[in-house]
file input.cif (mmCIF, C-alpha atoms)
data_data
#
loop_
_atom_site.label_atom_id
_atom_site.label_comp_id
_atom_site.auth_asym_id
_atom_site.auth_seq_id
_atom_site.Cartn_x
_atom_site.Cartn_y
_atom_site.Cartn_z
CA MET S 759 -147.05 -150.15 -77.59
CA LEU S 760 -144.88 -152.16 -75.19
CA GLY S 761 -147.96 -153.74 -73.63
CA SER S 762 -149.15 -154.88 -77.06
CA ILE S 763 -145.78 -156.46 -77.79
CA LEU S 764 -145.73 -158.29 -74.46
CA SER S 765 -149.26 -159.56 -75.04
CA LEU S 766 -148.31 -160.85 -78.47
CA THR S 767 -145.18 -162.48 -77.08
CA LEU S 768 -147.08 -164.31 -74.34
CA ALA S 769 -149.78 -165.43 -76.78
CA LEU S 770 -147.41 -167.10 -79.19
CA GLY S 771 -147.17 -170.38 -77.33
CA PRO S 772 -144.61 -173.13 -78.01
CA GLY S 773 -142.95 -173.10 -81.39
CA LEU S 774 -139.62 -172.95 -83.17
CA GLY S 775 -137.38 -169.95 -83.63
CA ALA S 776 -133.97 -169.84 -85.25
CA PRO S 777 -132.11 -173.18 -85.12
CA GLU S 778 -129.60 -171.91 -82.57
CA ASP S 779 -132.43 -171.06 -80.16
CA GLY S 780 -133.58 -174.65 -79.79
CA LYS S 781 -137.10 -175.61 -78.80
CA ARG S 782 -139.18 -172.83 -77.33
CA PHE S 783 -138.86 -172.60 -73.54
CA SER S 784 -135.96 -175.08 -73.69
CA PRO S 785 -133.00 -172.89 -74.70
CA PRO S 786 -129.52 -174.37 -74.97
CA PRO S 787 -126.88 -173.74 -72.29
CA ILE S 788 -125.50 -170.21 -72.14
CA GLU S 789 -122.58 -169.63 -74.50
CA HIS S 790 -119.92 -167.52 -72.79
CA GLY S 791 -118.02 -164.74 -74.49
CA PHE S 792 -118.17 -161.15 -75.63
CA ASP S 793 -119.68 -159.76 -78.84
CA LEU S 794 -119.55 -156.23 -80.30
CA ARG S 795 -122.76 -156.34 -82.35
CA GLU S 796 -125.05 -154.79 -79.74
CA SER S 797 -122.69 -151.84 -79.29
CA TRP S 798 -122.52 -151.38 -83.07
CA ASP S 799 -126.30 -151.53 -83.43
CA ASP S 800 -126.71 -149.02 -80.59
CA ILE S 801 -124.84 -146.44 -82.67
CA TRP S 802 -127.31 -146.90 -85.52
CA ARG S 803 -130.25 -146.73 -83.12
CA ARG S 804 -128.84 -143.41 -81.93
CA PHE S 805 -128.95 -142.19 -85.53
CA GLU S 806 -132.44 -143.59 -86.15
CA ASP S 807 -134.19 -142.17 -83.11
CA ARG S 808 -134.11 -138.41 -83.64
CA ASN S 809 -136.57 -137.87 -80.80
CA GLY S 810 -134.29 -139.78 -78.43
CA ARG S 811 -131.53 -137.17 -78.78
CA PRO S 812 -131.44 -133.82 -76.93
CA ASP S 813 -132.01 -131.93 -80.21
CA PRO S 814 -134.05 -133.98 -82.73
CA HIS S 815 -132.62 -132.01 -85.66
CA GLY S 816 -129.13 -131.51 -84.27
CA PRO S 817 -125.95 -133.52 -84.89
CA LEU S 818 -126.27 -137.28 -85.23
CA LEU S 819 -124.40 -138.27 -82.04
CA GLN S 820 -124.88 -135.53 -79.40
CA PRO S 821 -123.04 -136.92 -76.34
CA ALA S 822 -124.11 -133.79 -74.37
CA PRO S 823 -121.56 -133.64 -71.50
CA GLU S 824 -123.56 -130.81 -69.90
CA LEU S 825 -126.29 -133.36 -69.06
CA GLN S 826 -123.88 -135.79 -67.39
CA THR S 827 -122.15 -136.08 -64.03
CA HIS S 828 -118.54 -136.93 -63.20
CA GLU S 829 -119.61 -140.48 -62.14
CA TYR S 830 -121.93 -140.99 -65.11
CA GLU S 831 -119.86 -143.76 -66.71
CA LEU S 832 -119.39 -145.55 -63.38
CA THR S 833 -123.15 -145.80 -63.01
CA GLN S 834 -123.55 -147.15 -66.53
CA ALA S 835 -120.80 -149.73 -66.02
CA VAL S 836 -122.33 -151.04 -62.80
CA ALA S 837 -125.78 -151.26 -64.39
CA ALA S 838 -124.62 -152.93 -67.63
CA HIS S 839 -125.02 -156.66 -68.13
CA PRO S 840 -121.88 -158.81 -67.76
CA LEU S 841 -119.55 -158.95 -70.75
CA TYR S 842 -119.57 -162.76 -70.77
CA LEU S 843 -123.31 -162.82 -71.60
CA GLU S 844 -123.03 -160.61 -74.71
CA ARG S 845 -122.35 -163.43 -77.19
CA ASP S 846 -125.27 -165.52 -75.99
CA TRP S 847 -127.61 -162.53 -76.22
CA ASN S 848 -126.61 -161.78 -79.79
CA LEU S 849 -126.94 -165.41 -80.88
CA ARG S 850 -130.55 -165.65 -79.77
CA THR S 851 -133.66 -164.43 -81.55
CA ARG S 852 -135.76 -164.73 -78.38
CA GLY S 853 -135.09 -163.15 -75.03
CA ALA S 854 -135.22 -160.09 -72.80
CA ARG S 855 -132.77 -157.92 -70.89
CA VAL S 856 -133.61 -155.26 -68.33
CA PHE S 857 -131.67 -153.06 -65.97
CA ILE S 858 -132.96 -150.47 -63.51
CA HIS S 859 -130.38 -148.39 -61.67
CA SER S 860 -130.65 -145.42 -59.35
CA ASP S 861 -129.08 -142.24 -60.73
CA ASP S 862 -129.99 -139.68 -58.10
CA GLU S 863 -132.59 -139.00 -55.41
CA PHE S 864 -135.47 -138.84 -57.89
CA SER S 865 -134.71 -140.83 -61.04
CA PHE S 866 -133.66 -144.21 -62.39
CA PHE S 867 -131.62 -145.15 -65.40
CA ASN S 868 -133.31 -148.00 -67.19
CA GLN S 869 -132.90 -150.15 -70.25
CA VAL S 870 -135.25 -152.71 -71.76
CA ARG S 871 -134.43 -155.02 -74.66
CA LEU S 872 -137.03 -157.52 -75.81
CA LYS S 873 -136.94 -159.72 -78.91
CA GLU S 874 -139.13 -162.49 -80.26
CA GLN S 875 -139.30 -164.42 -83.52
CA MET S 876 -141.96 -166.73 -84.92
CA PRO S 877 -142.44 -168.68 -88.16
CA MET S 878 -144.02 -166.81 -91.08
CA GLY S 879 -145.14 -169.40 -93.60
CA SER S 880 -142.75 -172.16 -94.60
CA VAL S 881 -139.78 -170.02 -95.67
CA GLY S 882 -139.81 -166.92 -93.50
CA ALA S 883 -139.99 -165.59 -89.98
CA LEU S 884 -141.43 -162.50 -88.31
CA GLY S 885 -139.30 -160.86 -85.66
CA ILE S 886 -140.31 -158.18 -83.18
CA ARG S 887 -137.79 -156.22 -81.16
CA TYR S 888 -138.23 -153.46 -78.58
CA ASP S 889 -135.32 -151.29 -77.39
CA ARG S 890 -135.77 -148.67 -74.71
CA ILE S 891 -133.03 -146.74 -72.95
CA GLU S 892 -133.37 -143.81 -70.58
CA LEU S 893 -130.16 -142.13 -69.52
CA ARG S 894 -129.25 -138.51 -68.93
CA GLU S 895 -128.86 -137.58 -72.61
CA ILE S 896 -130.86 -140.43 -74.19
CA ARG S 897 -134.62 -140.99 -74.12
CA SER S 898 -135.01 -143.60 -76.82
CA SER S 899 -137.81 -146.08 -77.49
CA LEU S 900 -137.78 -148.12 -80.71
CA VAL S 901 -140.00 -150.95 -81.94
CA GLN S 902 -138.58 -152.84 -84.90
CA LEU S 903 -140.27 -155.45 -87.06
CA ALA S 904 -138.20 -157.91 -89.09
CA PHE S 905 -139.55 -159.82 -92.06
CA ALA S 906 -136.80 -162.41 -92.36
CA PHE S 907 -136.04 -165.02 -94.99
CA PRO S 908 -133.12 -167.08 -93.62
CA ASP S 909 -131.03 -169.73 -95.38
CA ILE S 910 -132.69 -169.25 -98.77
CA ARG S 911 -132.84 -172.62 -100.58
CA GLY S 912 -130.19 -173.96 -98.23
CA THR S 913 -127.50 -171.63 -99.59
CA GLY S 914 -126.91 -169.71 -96.36
CA ALA S 915 -128.13 -166.48 -97.98
CA PHE S 916 -130.64 -164.38 -96.07
CA VAL S 917 -132.70 -161.23 -96.60
CA GLU S 918 -134.50 -159.10 -94.02
CA ILE S 919 -136.75 -156.04 -94.16
CA ARG S 920 -136.83 -154.17 -90.85
CA PRO S 921 -139.19 -151.18 -90.50
CA ILE S 922 -139.12 -149.09 -87.32
CA ALA S 923 -142.67 -148.66 -86.06
CA ARG S 924 -143.05 -145.20 -84.49
CA PHE S 925 -145.66 -142.80 -83.22
CA GLU S 926 -144.03 -139.90 -85.10
CA LYS S 927 -144.54 -140.29 -88.87
CA PRO S 928 -141.57 -138.08 -89.89
CA ASP S 929 -139.19 -140.21 -87.78
CA LEU S 930 -140.11 -143.61 -89.22
CA ASP S 931 -137.12 -145.54 -90.61
CA ILE S 932 -136.66 -148.65 -92.76
CA GLU S 933 -133.70 -151.00 -92.80
CA PHE S 934 -132.81 -153.62 -95.42
CA ALA S 935 -130.30 -156.40 -94.75
CA ALA S 936 -128.84 -159.12 -96.96
CA GLY S 937 -126.00 -161.51 -96.39
CA TRP S 938 -124.68 -165.02 -95.99
CA ALA S 939 -124.15 -167.06 -92.84
CA ARG S 940 -122.93 -170.52 -91.94
CA PRO S 941 -122.58 -171.90 -88.40
CA HIS S 942 -118.97 -172.36 -87.30
CA ILE S 943 -117.68 -170.51 -90.40
CA GLY S 944 -118.84 -166.91 -90.33
CA GLN S 945 -121.27 -164.30 -91.55
CA ILE S 946 -121.20 -161.32 -93.87
CA GLN S 947 -123.97 -158.77 -94.03
CA ALA S 948 -124.78 -155.53 -95.81
CA ARG S 949 -127.41 -153.14 -94.49
CA VAL S 950 -129.07 -150.08 -95.98
CA PHE S 951 -130.91 -147.59 -93.75
CA LEU S 952 -133.55 -145.19 -95.04
CA PHE S 953 -133.90 -142.41 -92.48
CA ASP S 954 -137.20 -140.51 -92.29
CA PRO S 955 -138.47 -141.58 -95.77
CA PHE S 956 -141.98 -140.26 -95.01
CA ASN S 957 -140.88 -136.84 -93.73
CA ASN S 958 -141.77 -134.93 -96.90
CA ALA S 959 -145.12 -136.68 -97.26
CA SER S 960 -146.05 -135.68 -93.70
CA ASP S 961 -144.92 -132.11 -94.35
CA ALA S 962 -146.92 -131.90 -97.59
CA LEU S 963 -150.03 -133.14 -95.80
CA ALA S 964 -149.52 -130.57 -93.04
CA GLN S 965 -149.09 -127.79 -95.61
CA ASN S 966 -152.22 -128.89 -97.44
CA ARG S 967 -154.18 -128.68 -94.19
CA ALA S 968 -152.58 -125.36 -93.18
CA VAL S 969 -151.10 -126.82 -90.01
CA VAL S 970 -148.79 -124.34 -88.28
CA GLN S 971 -145.34 -125.82 -87.57
CA ASP S 972 -142.73 -124.17 -85.37
CA LEU S 973 -140.12 -125.86 -87.54
CA ARG S 974 -140.61 -127.28 -91.01
CA VAL S 975 -138.08 -129.83 -92.23
CA VAL S 976 -138.05 -130.63 -95.94
CA GLN S 977 -135.60 -133.22 -97.22
CA ARG S 978 -133.68 -132.09 -100.32
CA SER S 979 -132.01 -135.47 -100.78
CA PRO S 980 -132.62 -138.95 -99.38
CA SER S 981 -131.06 -139.68 -96.01
CA ILE S 982 -129.33 -143.05 -96.40
CA GLY S 983 -126.98 -145.08 -94.24
CA VAL S 984 -124.95 -148.12 -95.30
CA SER S 985 -123.17 -150.72 -93.20
CA GLY S 986 -120.91 -153.65 -94.02
CA GLU S 987 -120.42 -156.26 -91.31
CA SER S 988 -118.51 -159.53 -91.08
CA GLU S 989 -117.81 -162.17 -88.48
CA VAL S 990 -115.31 -165.00 -88.78
CA PHE S 991 -114.90 -167.99 -86.47
CA LEU S 992 -113.17 -170.60 -88.61
CA LEU S 993 -110.80 -171.43 -85.77
CA PRO S 994 -112.44 -172.82 -82.62
CA SER S 995 -110.39 -170.57 -80.35
CA LEU S 996 -110.51 -167.33 -82.36
CA ARG S 997 -113.43 -165.06 -83.23
CA ALA S 998 -113.32 -161.72 -85.01
CA GLN S 999 -115.79 -159.07 -86.19
CA ALA S 1000 -115.30 -156.07 -88.45
CA PHE S 1001 -117.76 -153.24 -89.07
CA PHE S 1002 -117.78 -150.25 -91.37
CA GLY S 1003 -120.58 -147.79 -92.08
CA ALA S 1004 -121.49 -144.34 -93.31
CA VAL S 1005 -124.41 -141.95 -93.39
CA LEU S 1006 -124.26 -140.45 -96.85
CA PRO S 1007 -124.41 -136.63 -97.06
CA ALA S 1008 -128.08 -135.69 -96.73
CA ARG S 1009 -129.51 -132.18 -97.24
CA ALA S 1010 -132.63 -130.75 -95.65
CA SER S 1011 -134.16 -127.27 -95.51
CA LEU S 1012 -135.17 -126.01 -92.07
CA TYR S 1013 -137.84 -123.29 -92.02
CA TYR S 1014 -138.49 -121.58 -88.66
CA ALA S 1015 -141.80 -119.93 -87.77
CA ASP S 1016 -139.92 -117.62 -85.39
CA GLU S 1017 -138.73 -114.64 -87.43
CA ASP S 1018 -135.68 -114.27 -85.17
CA SER S 1019 -134.38 -117.66 -86.36
CA ALA S 1020 -132.81 -117.80 -89.81
CA ASP S 1021 -133.75 -120.57 -92.22
CA VAL S 1022 -130.88 -122.87 -93.17
CA VAL S 1023 -130.02 -125.75 -95.46
CA ARG S 1024 -128.54 -128.45 -93.24
CA THR S 1025 -126.21 -131.21 -94.43
CA GLN S 1026 -125.38 -134.18 -92.20
CA TRP S 1027 -123.10 -137.16 -92.72
CA SER S 1028 -121.14 -139.70 -90.71
CA VAL S 1029 -118.41 -142.32 -91.04
CA LEU S 1030 -118.04 -145.07 -88.47
CA GLY S 1031 -116.18 -148.32 -87.95
CA GLY S 1032 -115.40 -150.96 -85.38
CA GLY S 1033 -113.68 -154.25 -84.74
CA TRP S 1034 -113.42 -157.01 -82.19
CA LEU S 1035 -111.05 -159.92 -81.65
CA GLU S 1036 -111.35 -162.64 -79.02
CA TRP S 1037 -109.14 -165.63 -78.25
CA ALA S 1038 -110.37 -168.51 -76.12
CA LEU S 1039 -107.67 -170.59 -74.47
CA PRO S 1040 -107.99 -174.16 -75.75
CA VAL S 1041 -107.01 -175.70 -72.41
CA ALA S 1042 -108.96 -173.48 -69.98
CA PRO S 1043 -112.27 -171.56 -69.80
CA LEU S 1044 -110.50 -168.23 -70.31
CA TRP S 1045 -111.21 -165.56 -72.96
CA LEU S 1046 -108.98 -162.62 -73.90
CA GLY S 1047 -110.27 -159.90 -76.19
CA ALA S 1048 -110.18 -156.34 -77.45
CA SER S 1049 -112.70 -154.13 -79.24
CA THR S 1050 -112.94 -150.63 -80.64
CA THR S 1051 -115.42 -148.28 -82.31
CA VAL S 1052 -114.91 -144.84 -83.89
CA VAL S 1053 -117.73 -142.52 -84.97
CA THR S 1054 -117.23 -139.24 -86.84
CA THR S 1055 -120.12 -136.95 -87.76
CA LEU S 1056 -120.40 -133.53 -89.38
CA GLN S 1057 -123.25 -131.05 -89.63
CA ASP S 1058 -123.04 -128.00 -91.92
CA ASP S 1059 -125.57 -125.16 -92.12
CA HIS S 1060 -125.73 -122.88 -95.17
CA ASP S 1061 -127.86 -119.79 -95.61
CA GLU S 1062 -130.13 -119.02 -98.56
CA PHE S 1063 -127.13 -117.73 -100.53
CA GLY S 1064 -125.11 -120.92 -100.03
CA GLU S 1065 -122.71 -119.39 -97.50
CA LEU S 1066 -121.53 -121.61 -94.64
CA VAL S 1067 -122.93 -120.20 -91.38
CA ASP S 1068 -122.22 -123.03 -88.93
CA ARG S 1069 -120.27 -126.29 -88.76
CA LEU S 1070 -120.61 -128.84 -85.94
CA PRO S 1071 -118.16 -131.77 -86.07
CA GLU S 1072 -118.22 -134.67 -83.59
CA ARG S 1073 -115.97 -137.67 -83.01
CA GLU S 1074 -116.16 -140.39 -80.39
CA SER S 1075 -113.57 -143.16 -80.05
CA ARG S 1076 -113.93 -146.13 -77.72
CA ALA S 1077 -111.69 -149.09 -76.96
CA ARG S 1078 -111.80 -151.99 -74.53
CA VAL S 1079 -109.55 -154.87 -73.50
CA TYR S 1080 -110.84 -157.64 -71.27
CA MET S 1081 -110.30 -161.04 -69.73
CA LEU S 1082 -113.16 -163.40 -68.88
CA ALA S 1083 -112.96 -166.63 -66.89
CA HIS S 1084 -115.47 -169.33 -65.94
CA LEU S 1085 -114.56 -171.74 -63.15
CA ASP S 1086 -116.52 -174.75 -61.92
CA LYS S 1087 -115.89 -178.34 -60.90
CA ASP S 1088 -115.35 -179.34 -64.54
CA SER S 1089 -112.40 -176.96 -64.89
CA VAL S 1090 -111.06 -177.03 -61.33
CA GLY S 1091 -111.36 -180.19 -59.29
CA ARG S 1092 -113.58 -179.96 -56.17
CA PHE S 1093 -114.47 -176.36 -56.94
CA VAL S 1094 -117.55 -175.30 -54.98
CA GLY S 1095 -120.25 -173.93 -57.26
CA ARG S 1096 -119.16 -171.73 -60.16
CA LEU S 1097 -117.26 -168.47 -60.48
CA GLU S 1098 -117.52 -165.87 -63.26
CA LEU S 1099 -114.65 -163.37 -63.47
CA GLU S 1100 -114.43 -160.16 -65.52
CA LEU S 1101 -111.40 -157.93 -65.79
CA ALA S 1102 -111.78 -155.02 -68.22
CA GLY S 1103 -110.25 -151.68 -69.10
CA SER S 1104 -112.07 -149.12 -71.26
CA PHE S 1105 -111.03 -145.88 -72.94
CA ARG S 1106 -113.25 -143.15 -74.38
CA LEU S 1107 -112.35 -139.93 -76.17
CA THR S 1108 -115.13 -137.55 -77.19
CA GLU S 1109 -114.22 -134.55 -79.34
CA LEU S 1110 -116.82 -131.81 -79.75
CA TRP S 1111 -114.84 -128.92 -81.20
CA LYS S 1112 -117.85 -126.55 -81.31
CA HIS S 1113 -119.48 -127.65 -78.07
CA ALA S 1114 -121.24 -124.91 -76.10
CA SER S 1115 -123.56 -124.88 -73.10
CA GLN S 1116 -124.63 -122.49 -70.36
CA TYR S 1117 -122.12 -124.18 -68.04
CA GLY S 1118 -119.13 -123.95 -70.37
CA SER S 1119 -117.55 -125.59 -73.38
CA ILE S 1120 -116.08 -129.12 -73.42
CA PRO S 1121 -114.30 -129.57 -76.77
CA ARG S 1122 -112.41 -132.64 -75.53
CA ASP S 1123 -113.54 -135.23 -72.97
CA ARG S 1124 -111.45 -138.29 -72.08
CA SER S 1125 -112.05 -141.15 -69.66
CA TRP S 1126 -110.36 -144.37 -68.50
CA LEU S 1127 -112.45 -146.98 -66.71
CA GLY S 1128 -111.15 -150.13 -65.02
CA MET S 1129 -113.35 -152.90 -63.67
CA VAL S 1130 -112.94 -156.22 -61.91
CA ARG S 1131 -116.11 -158.14 -61.14
CA ALA S 1132 -116.65 -161.61 -59.69
CA LEU S 1133 -119.86 -163.61 -59.41
CA TRP S 1134 -119.70 -166.68 -57.17
CA MET S 1135 -122.61 -169.12 -57.20
CA PRO S 1136 -122.05 -171.60 -54.34
CA THR S 1137 -125.44 -173.13 -55.11
CA LYS S 1138 -127.33 -173.31 -58.39
CA PRO S 1139 -129.95 -170.64 -57.59
CA PHE S 1140 -128.10 -168.25 -55.27
CA GLY S 1141 -124.86 -166.28 -55.43
CA ILE S 1142 -122.94 -163.13 -54.54
CA GLU S 1143 -121.41 -160.56 -56.90
CA LEU S 1144 -118.62 -158.15 -56.00
CA GLY S 1145 -117.25 -155.47 -58.29
CA TYR S 1146 -114.59 -152.77 -58.02
CA LEU S 1147 -114.58 -149.92 -60.54
CA VAL S 1148 -112.37 -146.89 -60.98
CA LEU S 1149 -113.05 -144.01 -63.38
CA ASP S 1150 -110.60 -141.27 -64.33
CA ARG S 1151 -112.23 -138.52 -66.37
CA TYR S 1152 -110.50 -135.44 -67.73
CA ALA S 1153 -112.22 -132.54 -69.47
CA PRO S 1154 -109.68 -129.72 -69.99
CA GLY S 1155 -110.91 -126.18 -69.61
CA ASP S 1156 -111.27 -123.32 -67.14
CA ASN S 1157 -115.07 -123.30 -66.90
CA ASP S 1158 -117.48 -124.74 -64.33
CA LEU S 1159 -118.46 -127.75 -66.45
CA ALA S 1160 -114.86 -128.84 -67.06
CA THR S 1161 -114.09 -128.55 -63.35
CA PHE S 1162 -117.21 -130.52 -62.44
CA LEU S 1163 -116.54 -133.41 -64.85
CA THR S 1164 -112.81 -133.80 -64.18
CA ALA S 1165 -112.37 -136.30 -61.36
CA THR S 1166 -111.16 -139.75 -60.33
CA ASN S 1167 -113.80 -141.88 -58.63
CA HIS S 1168 -113.88 -145.37 -57.12
CA ARG S 1169 -116.90 -147.55 -56.44
CA LEU S 1170 -117.55 -150.93 -54.85
CA SER S 1171 -120.60 -152.84 -56.08
CA THR S 1172 -122.21 -155.56 -53.94
CA ARG S 1173 -125.05 -157.64 -55.30
CA PHE S 1174 -127.00 -160.81 -54.72
CA SER S 1175 -127.67 -163.10 -57.66
CA LEU S 1176 -130.49 -165.50 -58.48
CA ALA S 1177 -130.05 -167.95 -61.35
CA PHE S 1178 -132.69 -170.22 -62.83
CA ASP S 1179 -130.63 -171.52 -65.72
CA PRO S 1180 -131.01 -171.67 -68.60
CA HIS S 1181 -133.98 -169.30 -68.42
CA VAL S 1182 -133.57 -166.40 -65.99
CA ARG S 1183 -130.73 -164.61 -64.19
CA ILE S 1184 -131.25 -161.69 -61.80
CA THR S 1185 -128.77 -159.58 -59.85
CA PHE S 1186 -129.66 -156.78 -57.41
CA GLY S 1187 -127.81 -154.74 -54.85
CA VAL S 1188 -126.14 -151.44 -53.97
CA GLY S 1189 -122.92 -149.55 -54.58
CA TRP S 1190 -120.50 -147.93 -52.14
CA ASP S 1191 -118.62 -144.68 -52.69
CA LEU S 1192 -114.98 -145.29 -51.76
CA ASP S 1193 -114.13 -141.58 -52.05
CA ASP S 1194 -116.62 -140.22 -49.52
CA PRO S 1195 -116.62 -142.10 -46.18
CA ASP S 1196 -119.26 -139.73 -44.77
CA ASN S 1197 -121.77 -140.75 -47.46
CA PRO S 1198 -120.86 -144.34 -48.37
CA TYR S 1199 -124.09 -145.39 -50.09
CA ASP S 1200 -123.77 -144.84 -53.84
CA GLN S 1201 -126.83 -145.98 -55.81
CA GLY S 1202 -128.48 -149.36 -56.23
CA GLY S 1203 -130.08 -151.35 -58.99
CA MET S 1204 -131.20 -154.57 -60.58
CA SER S 1205 -130.51 -156.39 -63.84
CA LEU S 1206 -132.37 -159.30 -65.43
CA THR S 1207 -131.70 -161.63 -68.35
CA ALA S 1208 -134.41 -163.95 -69.69
CA ARG S 1209 -134.16 -166.67 -72.36
CA TRP S 1210 -136.93 -168.83 -73.79
#
call {"tool": "encode", "arguments": {"input": "input.cif", "output": "structure tokens"}}
result
Amino acid sequence: MLGSILSLTLALGPGLGAPEDGKRFSPPPIEHGFDLRESWDDIWRRFEDRNGRPDPHGPLLQPAPELQTHEYELTQAVAAHPLYLERDWNLRTRGARVFIHSDDEFSFFNQVRLKEQMPMGSVGALGIRYDRIELREIRSSLVQLAFAFPDIRGTGAFVEIRPIARFEKPDLDIEFAAGWARPHIGQIQARVFLFDPFNNASDALAQNRAVVQDLRVVQRSPSIGVSGESEVFLLPSLRAQAFFGAVLPARASLYYADEDSADVVRTQWSVLGGGWLEWALPVAPLWLGASTTVVTTLQDDHDEFGELVDRLPERESRARVYMLAHLDKDSVGRFVGRLELELAGSFRLTELWKHASQYGSIPRDRSWLGMVRALWMPTKPFGIELGYLVLDRYAPGDNDLATFLTATNHRLSTRFSLAFDPHVRITFGVGWDLDDPDNPYDQGGMSLTARW
């Protein structure tokens, strides 16, 4: 599937995408700043990709601390793309992002994001997007098509239909989006998600053909998600985003072939929200911002008599504050090259009141992560990146898993950088464990950003 998408992308040739993308293969200069949209969309992708979660039919979020390590978030933070490139990525309809990062002696974490858009007639556009992420508790691979009709009759209104193309028929999803957007003013958007709309049709076909299923899932009500999203940037120095969404209560019957497993009627729902505010200093290339997201989910199981037999609630709260700076000869006289600075602090609280695993229960899991990272490019194509990160994680409990996850860890990241602006940026290097002088090497990796 990915090979087909890449072939199609390379065969498109020069053309026009969205107005903000400019002429193909001649993208505009990178626009610095943060943006929360990718993080918000990642939550919905988590909901959409059942087969990317540890239990395809389990709760909607499933953080799964038993699959993690005490330095798990440090590794993710080092591998992640810089905060100051988030806005540019979300403004473009064409581009690619990749990171590959060592996790242990035998495996890599990796993430691939690829998006392309091409004209579709005189009034529409066809978009293709591929999102893959492989972490300890996530194995997700999604291909999304987007039939887009932007700026309808010059009003700023837009409509998009976004099916998720999948190998598994029961896990196919469809997304509808409608809204209004104007450059330098803002955007409002409403989205409706139809989760697994072909599940019952696939089950009926399997029943008709007498196919044996270890687990039959029959939807008793449509599984629908809704999201309202807005972005405002009326003031040149102030940008804000607000998000709110919900997965409406959806019921499904689960029938197990194993006689030792009891059939249940499962109800799942979720409420989620987020916000972001960023202020750019008018007199200096400096950005200050804060963001937050909160996700609450609930899964109830009832037996054939309607009695509640199990309830699995989840809640995950995240917050971040940051400062970004961009220095060059235009902002500081006689400055050699350019310097990108990131200073960020992040907080996460995961609450899994009914969590259970063979290693112990973690009903509450909290972490603080601080990061300072600097990229200095003394010449246009070559530079050096240094980062210092500290993670404090606390999982209360008297079991082995809680003891294993609770720790404070420090890491130094050293990387080389290659920049071929405005098209390609690459960083690669290794990390150093500041807590264990006998084993200083602490993973390595590479990240790439491409624009066309």
call {"tool": "atom_distance", "arguments": {"input": "input.cif", "atom1": "atom CA of S:Pro1043", "atom2": "atom CA of S:Val1079"}}
result
17.3 Å
call {"tool": "resolve_selection", "arguments": {"input": "input.cif", "expression": "the PyMOL selection byres ((chain S and resi 1143-1160) around 7)", "output": "MDAnalysis selection string"}}
result
chainID S and resid 824 832 1117:1118 1120 1122:1134 1141:1142 1161:1175
call {"tool": "resolve_selection", "arguments": {"input": "input.cif", "expression": "the PyMOL selection byres ((chain S and resi 1064-1067) around 12)", "output": "JSON, numbers by chain"}}
result
{"S": [1011, 1020, 1021, 1022, 1023, 1024, 1025, 1057, 1058, 1059, 1060, 1061, 1062, 1063, 1068, 1069, 1070]}
call {"tool": "closest_atom_pairs", "arguments": {"input": "input.cif", "of": "stretch 826-937 of chain S", "to": "stretch 803-817 of chain S", "cutoff": "10 Å", "atoms": "all atoms listed in the file", "output": "CSV"}}
result
residue,atom,partner,partner_atom,distance
S:Asp889,CA,S:Arg803,CA,8.9
S:Arg890,CA,S:Gly810,CA,9.7
S:Ile891,CA,S:Gly810,CA,8.9
S:Glu892,CA,S:Gly810,CA,8.9
S:Arg894,CA,S:Pro812,CA,9.5
S:Glu895,CA,S:Pro812,CA,6.3
S:Ile896,CA,S:Gly810,CA,5.5
S:Arg897,CA,S:Gly810,CA,4.5
S:Ser898,CA,S:Gly810,CA,4.2
S:Ser899,CA,S:Gly810,CA,7.3
S:Leu900,CA,S:Asp807,CA,7.4
S:Ile922,CA,S:Glu806,CA,8.7
S:Arg924,CA,S:Asp807,CA,9.5
S:Glu926,CA,S:Asn809,CA,8.8
S:Pro928,CA,S:Arg808,CA,9.7
S:Asp929,CA,S:Arg808,CA,6.8
S:Leu930,CA,S:Glu806,CA,8.3
S:Asp931,CA,S:Glu806,CA,6.8
S:Ile932,CA,S:Glu806,CA,9.3
call {"tool": "closest_residue", "arguments": {"input": "input.cif", "among": "S:Gly1095, S:Gly937, S:Gly1033, S:Pro1007", "to": "S:Leu818", "atoms": "all atoms listed in the file"}}
result
S:Pro1007
call {"tool": "resolve_selection", "arguments": {"input": "input.cif", "expression": "the PyMOL selection byres ((chain S and resi 987-997) around 7)", "output": "CSV table (one decimal) with C-alpha atoms, keeping the file's coordinate frame"}}
result
chain,number,residue,atom,x,y,z
S,942,HIS,CA,-119.0,-172.4,-87.3
S,943,ILE,CA,-117.7,-170.5,-90.4
S,944,GLY,CA,-118.8,-166.9,-90.3
S,945,GLN,CA,-121.3,-164.3,-91.6
S,946,ILE,CA,-121.2,-161.3,-93.9
S,947,GLN,CA,-124.0,-158.8,-94.0
S,948,ALA,CA,-124.8,-155.5,-95.8
S,985,SER,CA,-123.2,-150.7,-93.2
S,986,GLY,CA,-120.9,-153.6,-94.0
S,998,ALA,CA,-113.3,-161.7,-85.0
S,999,GLN,CA,-115.8,-159.1,-86.2
S,1000,ALA,CA,-115.3,-156.1,-88.4
S,1001,PHE,CA,-117.8,-153.2,-89.1
S,1002,PHE,CA,-117.8,-150.2,-91.4
S,1035,LEU,CA,-111.0,-159.9,-81.6
S,1036,GLU,CA,-111.4,-162.6,-79.0
S,1037,TRP,CA,-109.1,-165.6,-78.2
S,1038,ALA,CA,-110.4,-168.5,-76.1
S,1039,LEU,CA,-107.7,-170.6,-74.5
S,1040,PRO,CA,-108.0,-174.2,-75.8
call {"tool": "closest_residue", "arguments": {"input": "input.cif", "among": "S:Gly1203, S:Leu1030, S:Met878, S:Arg1096", "to": "S:Asp862", "atoms": "all atoms listed in the file"}}
result
S:Gly1203
